[in-house]
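Have a look at data.cif below; it lists mmCIF, C-alpha atoms and all ligand atoms.
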data_run
#
loop_
_atom_site.label_atom_id
_atom_site.label_comp_id
_atom_site.auth_asym_id
_atom_site.auth_seq_id
_atom_site.Cartn_x
_atom_site.Cartn_y
_atom_site.Cartn_z
CA MET N 16 3.63 -32.13 -3.13
CA TYR N 17 1.67 -28.93 -3.76
CA LYS N 18 1.02 -29.71 -7.42
CA ASN N 19 -2.20 -31.57 -6.70
CA ASP N 20 -3.71 -28.52 -5.05
CA PHE N 21 -3.83 -26.53 -8.31
CA ALA N 22 -5.95 -26.60 -11.45
CA LEU N 23 -3.36 -27.60 -14.05
CA SER N 24 -3.90 -29.15 -17.43
CA ARG N 25 -1.56 -31.43 -19.37
CA GLY N 26 1.86 -29.94 -20.03
CA VAL N 27 4.11 -27.59 -18.12
CA TYR N 28 3.00 -24.13 -16.98
CA LEU N 29 5.80 -21.64 -16.22
CA LEU N 30 3.98 -18.34 -16.64
CA SER N 31 3.38 -17.28 -13.03
CA HIS N 32 4.88 -13.83 -13.78
CA SER N 33 1.79 -13.32 -15.96
CA VAL N 34 -1.12 -15.26 -14.42
CA GLY N 35 -0.91 -17.85 -11.61
CA ARG N 36 -2.99 -21.06 -11.75
CA PRO N 37 -6.05 -21.21 -9.46
CA LEU N 38 -6.41 -23.59 -6.54
CA LYS N 39 -8.69 -26.58 -7.17
CA THR N 40 -10.61 -25.64 -4.03
CA ALA N 41 -11.27 -22.09 -5.32
CA GLN N 42 -14.60 -22.99 -6.93
CA GLN N 43 -15.93 -24.85 -3.92
CA SER N 44 -14.80 -22.14 -1.51
CA PHE N 45 -16.39 -19.45 -3.68
CA SER N 46 -19.64 -21.34 -3.80
CA LYS N 47 -19.61 -21.85 -0.01
CA ASN N 48 -18.75 -18.25 0.88
CA PHE N 49 -20.60 -16.36 -1.83
CA PHE N 50 -23.56 -18.42 -3.07
CA SER N 51 -24.55 -20.70 -0.19
CA PRO N 52 -25.57 -17.82 2.10
CA TRP N 53 -28.18 -16.81 -0.54
CA GLU N 54 -29.71 -20.25 -0.33
CA GLN N 55 -29.86 -20.21 3.45
CA SER N 56 -31.17 -16.78 4.34
CA ASN N 57 -33.29 -13.82 3.23
CA LYS N 58 -31.08 -11.35 5.06
CA GLU N 59 -29.21 -8.58 3.28
CA PRO N 60 -25.75 -10.03 2.47
CA TRP N 61 -23.44 -7.14 3.43
CA GLY N 62 -22.41 -8.74 6.73
CA ILE N 63 -21.23 -11.85 4.89
CA TRP N 64 -19.62 -9.85 2.10
CA LEU N 65 -17.65 -7.72 4.55
CA GLY N 66 -16.45 -10.97 6.15
CA ILE N 67 -15.03 -11.94 2.75
CA ILE N 68 -13.09 -8.65 2.59
CA ASP N 69 -11.93 -9.22 6.15
CA GLN N 70 -10.48 -12.59 5.15
CA PHE N 71 -8.70 -10.93 2.20
CA THR N 72 -7.08 -8.11 4.21
CA SER N 73 -6.21 -10.36 7.16
CA GLY N 74 -4.46 -12.77 4.75
CA LEU N 75 -2.44 -9.89 3.34
CA ALA N 76 -1.53 -8.69 6.83
CA LYS N 77 -0.21 -12.15 7.68
CA LEU N 78 1.66 -12.58 4.41
CA PHE N 79 3.42 -9.20 4.59
CA ASN N 80 3.64 -8.83 8.40
CA ALA N 81 1.68 -5.59 8.64
CA LYS N 82 -1.51 -4.33 10.26
CA GLN N 83 -4.75 -5.36 8.60
CA SER N 84 -6.03 -1.77 8.93
CA GLU N 85 -3.24 -0.58 6.61
CA PHE N 86 -4.68 -2.48 3.59
CA CYS N 87 -7.50 -1.43 1.27
CA PRO N 88 -8.91 -3.56 -1.60
CA GLN N 89 -8.48 -2.06 -5.07
CA VAL N 90 -9.41 -3.06 -8.62
CA ASN N 91 -5.85 -2.96 -9.98
CA LEU N 92 -2.47 -1.38 -9.23
CA SER N 93 -2.87 1.58 -11.58
CA SER N 94 -6.05 2.67 -9.88
CA GLY N 95 -4.56 2.20 -6.39
CA LEU N 96 -1.55 4.27 -7.43
CA THR N 97 -3.72 7.09 -8.79
CA LYS N 98 -5.68 7.19 -5.54
CA ILE N 99 -2.54 7.39 -3.40
CA ILE N 100 -0.93 10.11 -5.52
CA MET N 101 -4.08 12.23 -5.53
CA SER N 102 -4.43 11.93 -1.76
CA LEU N 103 -1.04 13.44 -0.90
CA ASN N 104 -0.69 17.22 -0.59
CA LYS N 105 3.04 16.95 -1.21
CA LEU N 106 2.41 15.39 -4.62
CA GLN N 107 -0.39 17.71 -5.64
CA ALA N 108 1.88 20.74 -5.15
CA GLN N 109 3.46 22.46 -8.16
CA ASN N 110 6.83 21.19 -9.45
CA CYS N 111 7.09 17.99 -7.44
CA VAL N 112 9.48 15.29 -8.66
CA VAL N 113 8.67 11.57 -8.88
CA LEU N 114 11.46 9.09 -9.62
CA LEU N 115 10.69 5.83 -11.45
CA SER N 116 12.37 3.53 -13.96
CA GLU N 117 11.90 3.00 -17.70
CA ASN N 118 11.75 -0.66 -16.70
CA ASP N 119 8.56 -0.22 -14.67
CA PHE N 120 5.34 -1.63 -16.08
CA PRO N 121 4.00 1.00 -18.56
CA SER N 122 0.59 1.26 -16.86
CA ILE N 123 2.36 2.62 -13.76
CA GLY N 124 3.93 5.44 -15.79
CA PHE N 125 0.60 6.24 -17.46
CA ALA N 126 -1.15 6.47 -14.08
CA LEU N 127 1.54 8.69 -12.57
CA GLN N 128 1.58 11.01 -15.57
CA ASN N 129 -2.14 11.62 -15.27
CA ALA N 130 -2.48 11.71 -11.47
CA LEU N 131 0.23 14.33 -10.94
CA PRO N 132 -0.22 18.04 -11.71
CA LYS N 133 1.15 18.97 -15.15
CA SER N 134 3.99 21.02 -13.61
CA CYS N 135 5.45 17.95 -11.90
CA GLU N 136 8.40 16.03 -13.25
CA LEU N 137 8.49 12.29 -13.89
CA ARG N 138 12.20 11.48 -13.72
CA PHE N 139 13.15 8.13 -15.26
CA ILE N 140 16.10 5.92 -14.36
CA PRO N 141 17.21 4.83 -17.87
CA LYS N 142 16.28 1.42 -19.19
CA HIS N 143 19.83 0.06 -19.59
CA LEU N 144 20.74 0.49 -15.89
CA ASP N 145 20.72 -2.47 -13.49
CA MET N 146 17.74 -2.04 -11.16
CA SER N 147 19.16 -4.64 -8.76
CA CYS N 148 22.22 -2.45 -8.08
CA ALA N 149 22.07 -0.29 -4.92
CA ASN N 150 24.56 2.22 -6.41
CA VAL N 151 22.18 3.04 -9.26
CA TRP N 152 19.44 3.92 -6.78
CA ASP N 153 21.87 5.83 -4.61
CA GLU N 154 22.85 8.02 -7.57
CA TYR N 155 19.25 8.85 -8.56
CA LEU N 156 17.81 9.33 -5.06
CA VAL N 157 18.75 13.00 -4.82
CA ASN N 158 17.25 15.53 -2.43
CA ASP N 159 14.80 17.18 -4.82
CA VAL N 160 12.91 13.89 -5.37
CA ASP N 161 9.56 13.85 -3.52
CA LEU N 162 8.56 10.23 -4.15
CA VAL N 163 10.29 7.18 -5.59
CA LEU N 164 8.32 4.37 -7.20
CA ILE N 165 10.14 1.05 -6.89
CA SER N 166 9.08 -2.13 -8.67
CA HIS N 167 10.23 -4.83 -6.26
CA ALA N 168 10.71 -7.26 -9.18
CA TYR N 169 11.17 -6.51 -12.89
CA SER N 170 9.64 -9.27 -14.96
CA ASN N 171 11.38 -8.44 -18.24
CA SER N 172 14.89 -8.65 -16.77
CA GLY N 173 14.34 -10.86 -13.69
CA GLN N 174 16.01 -8.22 -11.52
CA LEU N 175 15.03 -7.64 -7.90
CA ALA N 176 15.26 -4.13 -6.46
CA PRO N 177 17.48 -3.88 -3.32
CA LEU N 178 14.68 -2.61 -1.05
CA ASN N 179 16.81 -2.98 2.09
CA ASP N 180 19.19 -0.36 0.68
CA ILE N 181 16.71 1.86 -1.16
CA ILE N 182 14.19 2.45 1.64
CA PRO N 183 16.68 3.71 4.30
CA THR N 184 18.54 5.83 1.71
CA ALA N 185 15.28 7.40 0.53
CA LYS N 186 14.16 8.05 4.11
CA SER N 187 17.46 9.71 5.00
CA ARG N 188 17.00 12.08 2.01
CA GLY N 189 13.37 12.92 2.73
CA VAL N 190 12.02 10.91 -0.24
CA LEU N 191 8.70 9.05 0.12
CA THR N 192 8.77 5.40 -1.03
CA LEU N 193 6.05 3.51 -2.93
CA ILE N 194 6.64 -0.16 -3.81
CA ASP N 195 4.94 -2.06 -6.66
CA ILE N 196 4.88 -5.76 -5.71
CA ALA N 197 2.88 -7.07 -8.71
CA GLN N 198 5.81 -9.32 -9.70
CA SER N 199 7.06 -10.28 -6.25
CA GLY N 200 4.03 -10.69 -3.95
CA GLY N 201 3.93 -14.32 -2.80
CA VAL N 202 7.29 -15.42 -4.25
CA VAL N 203 9.73 -12.97 -2.61
CA PRO N 204 9.37 -12.53 1.16
CA LEU N 205 8.56 -8.99 2.22
CA ASP N 206 8.28 -7.86 5.83
CA LEU N 207 6.59 -4.46 5.93
CA SER N 208 7.03 -4.01 9.68
CA THR N 209 10.81 -4.26 9.33
CA LEU N 210 11.20 -2.52 5.99
CA LYS N 211 8.80 0.34 6.76
CA PRO N 212 8.20 1.82 3.30
CA ASP N 213 5.57 4.57 3.02
CA PHE N 214 3.18 3.00 0.48
CA MET N 215 2.69 -0.23 -1.45
CA ILE N 216 0.47 -1.48 -4.29
CA GLY N 217 -0.04 -5.07 -5.34
CA SER N 218 -2.39 -7.60 -6.91
CA SER N 219 -3.37 -11.27 -6.57
CA ILE N 220 -3.33 -12.42 -10.18
CA LYS N 221 0.26 -13.58 -10.54
CA TRP N 222 2.21 -15.49 -7.87
CA LEU N 223 -0.73 -15.33 -5.43
CA CYS N 224 -2.93 -17.26 -7.89
CA GLY N 225 -6.03 -15.27 -6.87
CA GLY N 226 -7.29 -14.12 -10.29
CA PRO N 227 -7.87 -10.61 -11.69
CA GLY N 228 -9.66 -7.75 -9.94
CA ALA N 229 -8.36 -8.36 -6.41
CA ALA N 230 -5.62 -5.77 -6.02
CA TYR N 231 -4.77 -3.76 -2.89
CA LEU N 232 -3.02 -0.70 -1.62
CA TRP N 233 -1.11 -0.47 1.66
CA ILE N 234 -0.54 2.74 3.58
CA ASN N 235 1.99 2.91 6.40
CA ALA N 236 -0.09 3.67 9.54
CA ASP N 237 1.95 6.87 10.07
CA HIS N 238 0.45 8.34 6.86
CA ILE N 239 -3.18 7.25 7.04
CA GLU N 240 -4.48 10.30 8.85
CA ALA N 241 -2.77 12.79 6.51
CA CYS N 242 -4.02 11.13 3.29
CA GLN N 243 -7.00 12.89 1.72
CA PRO N 244 -8.33 10.54 -1.01
CA LYS N 245 -10.31 12.26 -3.79
CA ASP N 246 -11.98 9.20 -5.30
CA VAL N 247 -14.28 8.36 -2.39
CA GLY N 248 -17.75 6.91 -1.77
CA TRP N 249 -19.87 5.51 1.03
CA PHE N 250 -17.35 2.76 1.79
CA SER N 251 -14.68 5.40 2.51
CA HIS N 252 -16.90 6.69 5.31
CA ASP N 253 -16.21 5.98 8.95
CA ASN N 254 -19.62 4.30 9.08
CA PRO N 255 -20.84 3.40 5.56
CA PHE N 256 -24.31 2.62 6.89
CA GLU N 257 -24.90 6.02 8.51
CA PHE N 258 -26.49 7.46 5.33
CA ASP N 259 -26.31 11.18 6.18
CA ILE N 260 -25.42 13.10 3.03
CA HIS N 261 -24.24 16.11 5.09
CA ASP N 262 -21.82 14.13 7.23
CA PHE N 263 -18.82 12.69 5.45
CA ARG N 264 -16.08 11.47 7.77
CA PHE N 265 -13.10 9.46 6.49
CA HIS N 266 -12.72 5.90 7.73
CA ASP N 267 -9.85 5.88 10.21
CA SER N 268 -8.05 2.98 8.45
CA ALA N 269 -6.72 2.58 4.90
CA LEU N 270 -10.33 1.80 3.94
CA LYS N 271 -10.74 5.57 3.51
CA PHE N 272 -9.44 4.76 -0.02
CA TRP N 273 -12.21 2.25 -0.73
CA GLY N 274 -14.82 4.35 -2.61
CA GLY N 275 -18.37 3.44 -3.66
CA THR N 276 -20.03 0.00 -3.61
CA PRO N 277 -17.06 -2.38 -3.76
CA SER N 278 -16.79 -5.57 -5.76
CA ILE N 279 -16.73 -8.67 -3.57
CA THR N 280 -16.44 -11.70 -5.88
CA PRO N 281 -12.76 -11.32 -6.93
CA PHE N 282 -11.80 -10.91 -3.27
CA ALA N 283 -13.64 -14.11 -2.29
CA ILE N 284 -11.47 -16.06 -4.75
CA ALA N 285 -8.25 -14.20 -3.92
CA GLY N 286 -8.79 -14.28 -0.14
CA HIS N 287 -8.97 -18.07 -0.25
CA SER N 288 -5.75 -18.27 -2.25
CA ILE N 289 -3.87 -15.72 -0.11
CA SER N 290 -4.75 -17.68 3.08
CA TYR N 291 -3.30 -20.78 1.40
CA PHE N 292 -0.05 -18.98 0.54
CA ALA N 293 0.17 -17.24 3.92
CA LYS N 294 0.12 -20.70 5.55
CA ILE N 295 2.98 -21.98 3.37
CA GLY N 296 4.90 -18.71 3.79
CA SER N 297 6.76 -16.77 1.08
CA GLN N 298 10.15 -18.06 2.27
CA ALA N 299 9.29 -21.68 1.39
CA ILE N 300 7.95 -20.58 -2.01
CA ARG N 301 11.07 -18.50 -2.67
CA GLU N 302 13.32 -21.49 -1.86
CA HIS N 303 11.34 -23.81 -4.15
CA ASN N 304 11.43 -21.25 -6.96
CA GLN N 305 15.16 -20.52 -6.57
CA LYS N 306 16.04 -24.22 -6.47
CA PHE N 307 14.54 -24.61 -9.95
CA THR N 308 15.83 -21.35 -11.44
CA THR N 309 19.32 -22.31 -10.21
CA LEU N 310 18.96 -25.70 -11.87
CA ILE N 311 17.98 -24.07 -15.16
CA ALA N 312 20.81 -21.52 -14.85
CA ASN N 313 23.38 -24.29 -14.27
CA VAL N 314 22.34 -26.11 -17.44
CA PHE N 315 22.46 -23.00 -19.66
CA PRO N 316 25.01 -20.71 -17.93
CA ASP N 317 25.90 -18.80 -21.11
CA LYS N 318 22.24 -18.06 -22.00
CA ILE N 319 21.17 -16.31 -18.78
CA VAL N 320 20.43 -12.62 -19.08
CA SER N 321 18.74 -12.24 -15.67
CA PRO N 322 20.89 -11.83 -12.51
CA ILE N 323 22.80 -14.80 -11.10
CA GLU N 324 23.37 -13.60 -7.53
CA HIS N 325 20.62 -14.81 -5.25
CA HIS N 326 19.76 -11.44 -3.67
CA ARG N 327 19.40 -9.80 -7.13
CA ARG N 328 17.08 -12.46 -8.61
CA SER N 329 13.29 -12.26 -8.84
CA GLY N 330 11.15 -15.39 -9.37
CA THR N 331 11.68 -15.20 -13.13
CA ILE N 332 14.75 -16.46 -14.99
CA VAL N 333 15.34 -15.00 -18.46
CA LEU N 334 17.29 -16.97 -21.08
CA ASN N 335 18.38 -15.70 -24.49
CA PHE N 336 19.01 -18.16 -27.32
CA GLY N 337 19.70 -15.54 -30.01
CA GLU N 338 18.33 -16.26 -33.47
CA LYS N 339 17.11 -19.71 -32.38
CA GLN N 340 14.62 -18.13 -30.00
CA SER N 341 11.51 -17.98 -32.23
CA LYS N 342 11.89 -21.58 -33.37
CA LEU N 343 12.53 -22.67 -29.79
CA LEU N 344 9.43 -20.89 -28.50
CA ASP N 345 7.32 -22.58 -31.23
CA SER N 346 8.69 -25.99 -30.28
CA LEU N 347 8.04 -25.42 -26.58
CA GLN N 348 4.47 -24.43 -27.39
CA LYS N 349 4.03 -27.56 -29.51
CA ASN N 350 5.27 -29.60 -26.53
CA ASN N 351 2.72 -27.85 -24.31
CA ILE N 352 5.41 -26.10 -22.28
CA THR N 353 4.24 -22.57 -21.56
CA VAL N 354 6.79 -19.77 -21.27
CA ASP N 355 6.76 -16.37 -22.99
CA ARG N 356 9.12 -13.97 -24.70
CA ARG N 357 10.03 -10.32 -24.13
CA SER N 358 12.80 -8.16 -25.59
CA LEU N 359 15.58 -9.73 -23.46
CA GLY N 360 14.62 -13.38 -23.94
CA LEU N 361 12.38 -16.21 -22.77
CA ARG N 362 10.79 -15.71 -19.35
CA ILE N 363 10.48 -18.79 -17.14
CA SER N 364 8.80 -18.66 -13.72
CA PRO N 365 8.62 -21.88 -11.67
CA HIS N 366 6.03 -21.82 -8.87
CA ILE N 367 5.16 -24.13 -5.98
CA TYR N 368 2.98 -26.18 -8.38
CA ASN N 369 5.95 -26.98 -10.63
CA ASP N 370 8.00 -30.05 -9.78
CA ILE N 371 11.28 -31.53 -10.95
CA SER N 372 9.56 -33.44 -13.74
CA ASP N 373 8.30 -30.11 -15.17
CA ILE N 374 11.80 -28.67 -15.10
CA ASN N 375 13.31 -31.79 -16.68
CA GLN N 376 10.72 -31.64 -19.48
CA LEU N 377 11.59 -27.99 -20.09
CA LEU N 378 15.34 -28.66 -20.11
CA SER N 379 15.01 -31.67 -22.48
CA ALA N 380 12.77 -29.72 -24.84
CA ILE N 381 15.21 -26.81 -24.96
CA LYS N 382 18.21 -29.10 -25.53
CA ALA N 383 16.40 -30.86 -28.35
CA ASN N 384 15.62 -27.60 -30.13
CA ILE N 385 18.82 -25.52 -29.97
C1 LIG R 401 5.40 -4.63 -12.18
C2 LIG R 401 3.95 -4.55 -12.59
N1 LIG R 401 3.17 -3.57 -12.10
C3 LIG R 401 1.86 -3.48 -12.44
C4 LIG R 401 1.27 -4.39 -13.28
C5 LIG R 401 -0.17 -4.32 -13.62
O1 LIG R 401 -0.80 -3.18 -13.19
P1 LIG R 401 -2.40 -3.10 -13.21
O2 LIG R 401 -2.91 -3.95 -12.08
O3 LIG R 401 -2.73 -1.70 -13.03
O4 LIG R 401 -2.84 -3.64 -14.53
C6 LIG R 401 2.05 -5.43 -13.83
C7 LIG R 401 1.42 -6.40 -14.76
O5 LIG R 401 2.01 -7.26 -15.33
C8 LIG R 401 3.41 -5.51 -13.47
O6 LIG R 401 4.18 -6.48 -13.96
#
Can the structure from this file be put into structure tokens for me?
Amino acid sequence: MYKNDFALSRGVYLLSHSVGRPLKTAQQSFSKNFFSPWEQSNKEPWGIWLGIIDQFTSGLAKLFNAKQSEFCPQVNLSSGLTKIIMSLNKLQAQNCVVLLSENDFPSIGFALQNALPKSCELRFIPKHLDMSCANVWDEYLVNDVDLVLISHAYSNSGQLAPLNDIIPTAKSRGVLTLIDIAQSGGVVPLDLSTLKPDFMIGSSIKWLCGGPGAAYLWINADHIEACQPKDVGWFSHDNPFEFDIHDFRFHDSALKFWGGTPSITPFAIAGHSISYFAKIGSQAIREHNQKFTTLIANVFPDKIVSPIEHHRRSGTIVLNFGEKQSKLLDSLQKNNITVDRRSLGLRISPHIYNDISDINQLLSAIKANI
């Protein structure tokens, strides 16, 4: 029933772990909110532009059940991560320890490596370990760790991190928590007010279907005052329009991380999309997604390499067809069925715009080519 809302071309699109399809109304909404005001007034547009940002952060607050003032727009996750790390005294001290996984997205490791002082240690949970297993996290969350970076969902393996176990364990051991929701935002429900992590970074390009350039960081309200961002500008100021070069005062919300003149256009597109998804709710999207991944798993039970148990599964199912994989991928492409391949197998991510006919086409095409 949602399929008609999205810009889809002929064929079957199952690549929402990479880039989500835009809403058909995105163009019209962008024109109305961004261009029409130019045609109607000679006034400076900042008031309207800040309204666009307000729609973006209020949509995020609704989607993740958190305060709007805890969100700040960012260009991408790597940049948001760098800003958070550089703002924390604890992580700019000598010899701090940051725990992450070899399964995290490489850009996250690159950013951490360069944002931390050289004396700090990046400690990796090895690649072969199951990131959906609470015992693995329990073993690595030792007392000398200062911060743990947790990817909520791992797109190469389809594993989901057990945040409900990790966050309380980390807290009890004095470890700060930072969640990367690039692969889960919009498709796996996340309630920040209940979970209470310390920091979060995310984007809009994948399951939120909001295009590139509209990322965000989230700072737990308890930490906002202590954060001292280094990459600042007039939009990090308590009153950006004060214009006194001798009087810098941090904004009292997460917007202290904002910086110089912000981009507005990506947030106009993403804000529209996030409002759409906030209305549907992540729970309904999760159920739709899991219904189809379960269907696929039941047809090819011996080919699944991603987790089977519901609470360990992300929105992506990964199937491995051994030596037949390259030929199969070529045939799917020829049939206009879009999935992709990583080291563990073929990644398939059904979204709210996929229906049973899409899944049946995928299943028939696979059966015909293995
Ligand atoms: C888990 C995860 N984190 C981060 C990113 C992207 O980070 P950035 O926005 O800095 O490019 C991706 C991109 O696919 C990802 O899968």
Box for range 250-263 of chain N: with edges along x, y and z, all listed atoms inside and 4 Å added on each side, what are the centre and edge lengths in Å to one decimal, as lines of an AutoDock Vina configuration file?
center_x = -20.6
center_y = 9.4
center_z = 5.4
size_x = 19.8
size_y = 21.5
size_z = 15.3
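Environment of ligand LIG 401 (chain R), defined as every protein or nucleic acid residue with an atom within 8 Å of it and counting all atoms listed in the file, comprises His32, Ser33, Val90, Asn91, Leu92, Ser93, Ser94, Gly95, Asp119, Phe120, Pro121, Ser122, Ile123, Ser166, His167, Ala168, Tyr169, Ser170, Asp195, Ile196, Ala197, Gln198, Gly217, Ser218 and Ala230 of chain N.
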Range 366-377 of chain N surroundings by all atoms listed in the file, 9 Å radius, close-in-sequence under 5 positions cut, as a compact mmCIF listing (two decimals) with C-alpha atoms, keeping the file's coordinate frame:
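As written to disk, out.txt reads:
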# COMPACT_ATOMS: atom_id res chain seq x y z
CA MET N 16 3.63 -32.13 -3.13
CA TYR N 17 1.67 -28.93 -3.76
CA LYS N 18 1.02 -29.71 -7.42
CA ASN N 19 -2.20 -31.57 -6.70
CA ASP N 20 -3.71 -28.52 -5.05
CA PHE N 21 -3.83 -26.53 -8.31
CA LEU N 23 -3.36 -27.60 -14.05
CA GLY N 26 1.86 -29.94 -20.03
CA VAL N 27 4.11 -27.59 -18.12
CA TYR N 28 3.00 -24.13 -16.98
CA LEU N 29 5.80 -21.64 -16.22
CA LEU N 30 3.98 -18.34 -16.64
CA SER N 31 3.38 -17.28 -13.03
CA GLY N 35 -0.91 -17.85 -11.61
CA ARG N 36 -2.99 -21.06 -11.75
CA VAL N 202 7.29 -15.42 -4.25
CA TRP N 222 2.21 -15.49 -7.87
CA ALA N 299 9.29 -21.68 1.39
CA ILE N 300 7.95 -20.58 -2.01
CA ARG N 301 11.07 -18.50 -2.67
CA HIS N 303 11.34 -23.81 -4.15
CA ASN N 304 11.43 -21.25 -6.96
CA PHE N 307 14.54 -24.61 -9.95
CA LEU N 310 18.96 -25.70 -11.87
CA ILE N 311 17.98 -24.07 -15.16
CA GLY N 330 11.15 -15.39 -9.37
CA LEU N 347 8.04 -25.42 -26.58
CA ILE N 352 5.41 -26.10 -22.28
CA LYS N 382 18.21 -29.10 -25.53
For this session: List the neighbours of His143 in chain N out to 10 Å using all atoms listed in the file; skip same-chain residues closer than 4 positions along the sequence, and give me the result as number ranges by chain.
Result: N: 116-118
Next, the residues of the selection above should be written as a PDB file, in the frame of the given file with C-alpha atoms.
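What ended up in out_24.pdb:
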ATOM      1  CA  SER N 116      12.370   3.530 -13.960  1.00  0.00           C
ATOM      2  CA  GLU N 117      11.900   3.000 -17.700  1.00  0.00           C
ATOM      3  CA  ASN N 118      11.750  -0.660 -16.700  1.00  0.00           C
TER       4      ASN N 118
END
Problem set entry | Spatial neighbours of Gln340 in chain N, max dist 12 Å, all atoms listed in the file, sep filter under 2 positions, as a list of chain:residue names | N:Lys318, N:Val333, N:Leu334, N:Asn335, N:Phe336, N:Gly337, N:Glu338, N:Lys342, N:Leu343, N:Leu344, N:Asp345, N:Ser346, N:Leu347, N:Val354, N:Asp355, N:Arg356, N:Arg357, N:Ser358, N:Leu359, N:Gly360, N:Leu361, N:Arg362, N:Ile381, N:Asn384, N:Ile385
Problem set entry | Test item: residues at most 12 Å from Thr192 in chain N, all atoms listed in the file, excluding those fewer than 5 positions along its chain, as number ranges by chain | N: 99-100, 113-115, 156, 160-167, 178, 181-187, 210-216, 233-235, 238
Excluding Trp64 in chain N and any residue of its chain fewer than 3 positions from it, enumerate the residues within 12 Å of it, using all atoms listed in the file, and give them as a PDB file with C-alpha atoms, in the coordinates of the input.
ATOM      1  CA  PHE N  45     -16.390 -19.450  -3.680  1.00  0.00           C
ATOM      2  CA  ASN N  48     -18.750 -18.250   0.880  1.00  0.00           C
ATOM      3  CA  PHE N  49     -20.600 -16.360  -1.830  1.00  0.00           C
ATOM      4  CA  PHE N  50     -23.560 -18.420  -3.070  1.00  0.00           C
ATOM      5  CA  PRO N  52     -25.570 -17.820   2.100  1.00  0.00           C
ATOM      6  CA  TRP N  53     -28.180 -16.810  -0.540  1.00  0.00           C
ATOM      7  CA  LYS N  58     -31.080 -11.350   5.060  1.00  0.00           C
ATOM      8  CA  GLU N  59     -29.210  -8.580   3.280  1.00  0.00           C
ATOM      9  CA  PRO N  60     -25.750 -10.030   2.470  1.00  0.00           C
ATOM     10  CA  TRP N  61     -23.440  -7.140   3.430  1.00  0.00           C
ATOM     11  CA  ILE N  67     -15.030 -11.940   2.750  1.00  0.00           C
ATOM     12  CA  ILE N  68     -13.090  -8.650   2.590  1.00  0.00           C
ATOM     13  CA  ASP N  69     -11.930  -9.220   6.150  1.00  0.00           C
ATOM     14  CA  GLN N  70     -10.480 -12.590   5.150  1.00  0.00           C
ATOM     15  CA  PHE N  71      -8.700 -10.930   2.200  1.00  0.00           C
ATOM     16  CA  THR N 276     -20.030   0.000  -3.610  1.00  0.00           C
ATOM     17  CA  PRO N 277     -17.060  -2.380  -3.760  1.00  0.00           C
ATOM     18  CA  SER N 278     -16.790  -5.570  -5.760  1.00  0.00           C
ATOM     19  CA  ILE N 279     -16.730  -8.670  -3.570  1.00  0.00           C
ATOM     20  CA  THR N 280     -16.440 -11.700  -5.880  1.00  0.00           C
ATOM     21  CA  PRO N 281     -12.760 -11.320  -6.930  1.00  0.00           C
ATOM     22  CA  PHE N 282     -11.800 -10.910  -3.270  1.00  0.00           C
ATOM     23  CA  ALA N 283     -13.640 -14.110  -2.290  1.00  0.00           C
ATOM     24  CA  GLY N 286      -8.790 -14.280  -0.140  1.00  0.00           C
TER      25      GLY N 286
END
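Counting all atoms listed in the file, the residue from N:Pro316, N:Gly228, N:Gly274, N:Pro88 that sits nearest to Pro244 in chain N is N:Gly274.
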Problem set entry | Atomic distance CA of Asp262 in chain N - CA of Gly248 in chain N, expressed in Å with one decimal | 12.2 Å
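Separating CA of Pro204 in chain N from CA of Ala293 in chain N is a distance of 10.7 Å.
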For this session: Would you work out the distance separating CA of Glu324 in chain N from CA of Gly296 in chain N, expressed in Å to one decimal?
Result: 22.3 Å
Exercise. With all atoms listed in the file as the atoms that count, which of N:Ser199, N:Ser321, N:Ser44, N:Asn80 lies nearest to Ile220 in chain N?
Worked result: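 With all atoms listed in the file as the atom set, the closest residue is N:Ser199.
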